Amino acid sequence: MSETVTRAQLSEAVYQEVGLSRNESADLVESVLGEISDALARGEMVKISSFGSFAVRSKGQRVGRNPKTGEEVPILPRRVLVFRASQVLRSRVNQGLAALEPSDIEVAS
Amino acid sequence: MTKSELIQRLSERYPDLYQRDVERIVSTIFDEIGEALARGDRVELRGFGAFSVKRRDARVGRNPRTGASVQVTEKYVPFFKTGKQLRERLNTD
């Protein structure tokens with residue numbers, strides 16, 4: 001069955017890896033996410049080798065529709081984030097999942 | 001910002017840590033996320049975003065250069081959905 005990993009497991013992994021306290025480990029995880037968010041908010045691209053890259057893309061204004069009422073609503077220009085997994089991560093995921101039974105994988109397509 | 005620039009910034013923020021340890025910490029975090037995805041797990045980081053894996057069904061593709069059709073097998077692609085807080089920050093700062 002597919003599970004959900006959160007900050008808690010990431011902090012635990014950091015705790016196991018380096019000689020820091022649990023609190024410091026959790027703080028480090030937060031700082032990593034914070035530094036990445038700050039860079040993206042400045043409009044910078046963030047590239048993590050062998051993991052992937054996050055890029056900020058600007059979208060122009062377009063006309064959208066309220067799917068419930070069918071009413072036309074303008075969608076204002078905005079910035080969105082796109083993540084592209086590196087080749088290393090892609091093959092790691094495909095190798096890992098090829099070894100599992102298809103029923104073990106919760107598919108989000 | 002690259003991974004080494006991220007490490008640089010964190011080292012400045014934590015002057016008591018060896019840079020070597022900061023490197024290990026950063027690698028551990030991304031390794032852990034990758035490992036979770038390779039098990040088919042989801043990684044949910046509130047405020048930041050969530051990583052998951054999507055399945056792409058097998059399909060018949062085409063070599064764009066020659067036009068020859070090729071069988072593309074089923075594959076999995078890592079996917080990231082931006083968290084609400086980060087999405088809002090991108091549009092206010």
# chains A, B, ... in the order shown; residues from 1 in each chain; ligands from 1

$ residues_around --residues "B:Glu5" --least-positions-apart "3" --cutoff "10 Å" --atoms "only C-alpha atoms" --output "list in words"
Val46, Lys47 and Ile48 of chain A; Met1, Thr2, Gln8, Arg9, Leu10 and Ser11 of chain B

$ write_last_selection --atoms "N, CA and C atoms" --output "PDB file, in the first residue's frame"
ATOM      1  N   VAL A  46      15.657  26.684  -9.510  1.00  0.00           N
ATOM      2  CA  VAL A  46      16.412  25.905  -8.530  1.00  0.00           C
ATOM      3  C   VAL A  46      16.745  24.547  -9.132  1.00  0.00           C
ATOM      4  N   LYS A  47      18.057  24.275  -9.208  1.00  0.00           N
ATOM      5  CA  LYS A  47      18.508  23.030  -9.836  1.00  0.00           C
ATOM      6  C   LYS A  47      19.214  22.153  -8.813  1.00  0.00           C
ATOM      7  N   ILE A  48      18.651  20.988  -8.553  1.00  0.00           N
ATOM      8  CA  ILE A  48      19.270  20.058  -7.619  1.00  0.00           C
ATOM      9  C   ILE A  48      19.770  18.871  -8.445  1.00  0.00           C
TER      10      ILE A  48
ATOM     11  N   MET B   1      19.428  28.954  -8.507  1.00  0.00           N
ATOM     12  CA  MET B   1      20.200  28.409  -7.390  1.00  0.00           C
ATOM     13  C   MET B   1      20.485  26.929  -7.648  1.00  0.00           C
ATOM     14  N   THR B   2      21.716  26.555  -7.513  1.00  0.00           N
ATOM     15  CA  THR B   2      22.088  25.145  -7.695  1.00  0.00           C
ATOM     16  C   THR B   2      22.201  24.488  -6.322  1.00  0.00           C
ATOM     17  N   GLN B   8      25.842  26.326   0.187  1.00  0.00           N
ATOM     18  CA  GLN B   8      26.557  27.542   0.577  1.00  0.00           C
ATOM     19  C   GLN B   8      25.717  28.426   1.495  1.00  0.00           C
ATOM     20  N   ARG B   9      24.485  28.646   1.080  1.00  0.00           N
ATOM     21  CA  ARG B   9      23.566  29.492   1.859  1.00  0.00           C
ATOM     22  C   ARG B   9      23.299  28.907   3.237  1.00  0.00           C
ATOM     23  N   LEU B  10      23.091  27.589   3.261  1.00  0.00           N
ATOM     24  CA  LEU B  10      22.810  26.936   4.539  1.00  0.00           C
ATOM     25  C   LEU B  10      24.025  26.993   5.455  1.00  0.00           C
ATOM     26  N   SER B  11      25.214  26.863   4.873  1.00  0.00           N
ATOM     27  CA  SER B  11      26.437  26.912   5.671  1.00  0.00           C
ATOM     28  C   SER B  11      26.595  28.271   6.336  1.00  0.00           C
TER      29      SER B  11
END

$ interface_residues --of "chain B" --to "chain A" --cutoff "7 Å" --atoms "only C-alpha atoms" --output "VMD selection string"
chain B and resid 1 to 3 21 25 28 to 30 32 34 37 to 45 53 to 55 75 to 78 80 82 86 to 87 89 to 91 93

$ atom_distance --atom1 "atom CA of B:Asp57" --atom2 "atom CA of B:Val70"
14.0 Å

$ select_by_dssp --residues "stretch 36-88 of chain B" --states "strand (DSSP E or B)" --output "VMD selection string"
chain B and resid 42 to 45 49 to 56 59 to 62 69 to 72 75 to 82

$ atom_distance --atom1 "atom CA of B:Val22" --atom2 "atom CA of B:Glu35"
19.8 Å

$ atom_distance --atom1 "atom CA of B:Phe48" --atom2 "atom CA of B:Gly83"
4.7 Å

$ select_by_dssp --residues "chain A" --states "helix (DSSP H, G or I)" --output "mmCIF file with C-alpha atoms, in the first residue's frame"
data_model
loop_
_atom_site.group_PDB
_atom_site.id
_atom_site.type_symbol
_atom_site.label_atom_id
_atom_site.label_comp_id
_atom_site.auth_asym_id
_atom_site.auth_seq_id
_atom_site.Cartn_x
_atom_site.Cartn_y
_atom_site.Cartn_z
ATOM 1 C CA ARG A 7 8.656 16.364 7.190
ATOM 2 C CA ALA A 8 8.803 14.005 10.172
ATOM 3 C CA GLN A 9 10.428 11.188 8.162
ATOM 4 C CA LEU A 10 12.819 13.586 6.443
ATOM 5 C CA SER A 11 13.904 14.993 9.822
ATOM 6 C CA GLU A 12 14.340 11.472 11.166
ATOM 7 C CA ALA A 13 16.572 10.569 8.202
ATOM 8 C CA VAL A 14 18.690 13.678 8.820
ATOM 9 C CA TYR A 15 18.834 12.827 12.515
ATOM 10 C CA GLN A 16 20.089 9.309 11.735
ATOM 11 C CA GLU A 17 22.660 10.618 9.269
ATOM 12 C CA ARG A 22 16.013 15.923 16.630
ATOM 13 C CA ASN A 23 15.111 19.595 16.933
ATOM 14 C CA GLU A 24 18.110 20.744 14.926
ATOM 15 C CA SER A 25 17.385 18.103 12.284
ATOM 16 C CA ALA A 26 13.813 19.320 11.906
ATOM 17 C CA ASP A 27 15.089 22.893 11.735
ATOM 18 C CA LEU A 28 17.515 21.966 8.954
ATOM 19 C CA VAL A 29 14.757 20.336 6.882
ATOM 20 C CA GLU A 30 12.699 23.496 7.294
ATOM 21 C CA SER A 31 15.625 25.677 6.258
ATOM 22 C CA VAL A 32 16.247 23.631 3.116
ATOM 23 C CA LEU A 33 12.612 24.028 2.060
ATOM 24 C CA GLY A 34 12.733 27.700 3.091
ATOM 25 C CA GLU A 35 15.847 28.500 1.021
ATOM 26 C CA ILE A 36 14.337 26.791 -2.023
ATOM 27 C CA SER A 37 11.047 28.664 -1.577
ATOM 28 C CA ASP A 38 12.872 31.983 -1.155
ATOM 29 C CA ALA A 39 14.841 31.462 -4.364
ATOM 30 C CA LEU A 40 11.672 30.546 -6.279
ATOM 31 C CA ALA A 41 9.823 33.555 -4.865
ATOM 32 C CA GLN A 87 17.071 11.487 -15.589
ATOM 33 C CA VAL A 88 18.652 9.937 -12.496
ATOM 34 C CA LEU A 89 15.449 10.294 -10.473
ATOM 35 C CA ARG A 90 13.288 9.137 -13.373
ATOM 36 C CA SER A 91 15.222 5.912 -13.843
ATOM 37 C CA ARG A 92 15.407 5.340 -10.104
ATOM 38 C CA VAL A 93 11.625 5.612 -9.844
ATOM 39 C CA ASN A 94 11.046 3.365 -12.850
ATOM 40 C CA GLN A 95 13.451 0.719 -11.592
ATOM 41 C CA GLY A 96 11.934 0.830 -8.136
ATOM 42 C CA LEU A 97 8.371 0.568 -9.339
ATOM 43 C CA ALA A 98 9.122 -2.113 -11.923
ATOM 44 C CA PRO A 102 1.130 -2.970 -10.016
ATOM 45 C CA SER A 103 -1.504 -3.256 -7.280
ATOM 46 C CA ASP A 104 0.998 -1.897 -4.734
#
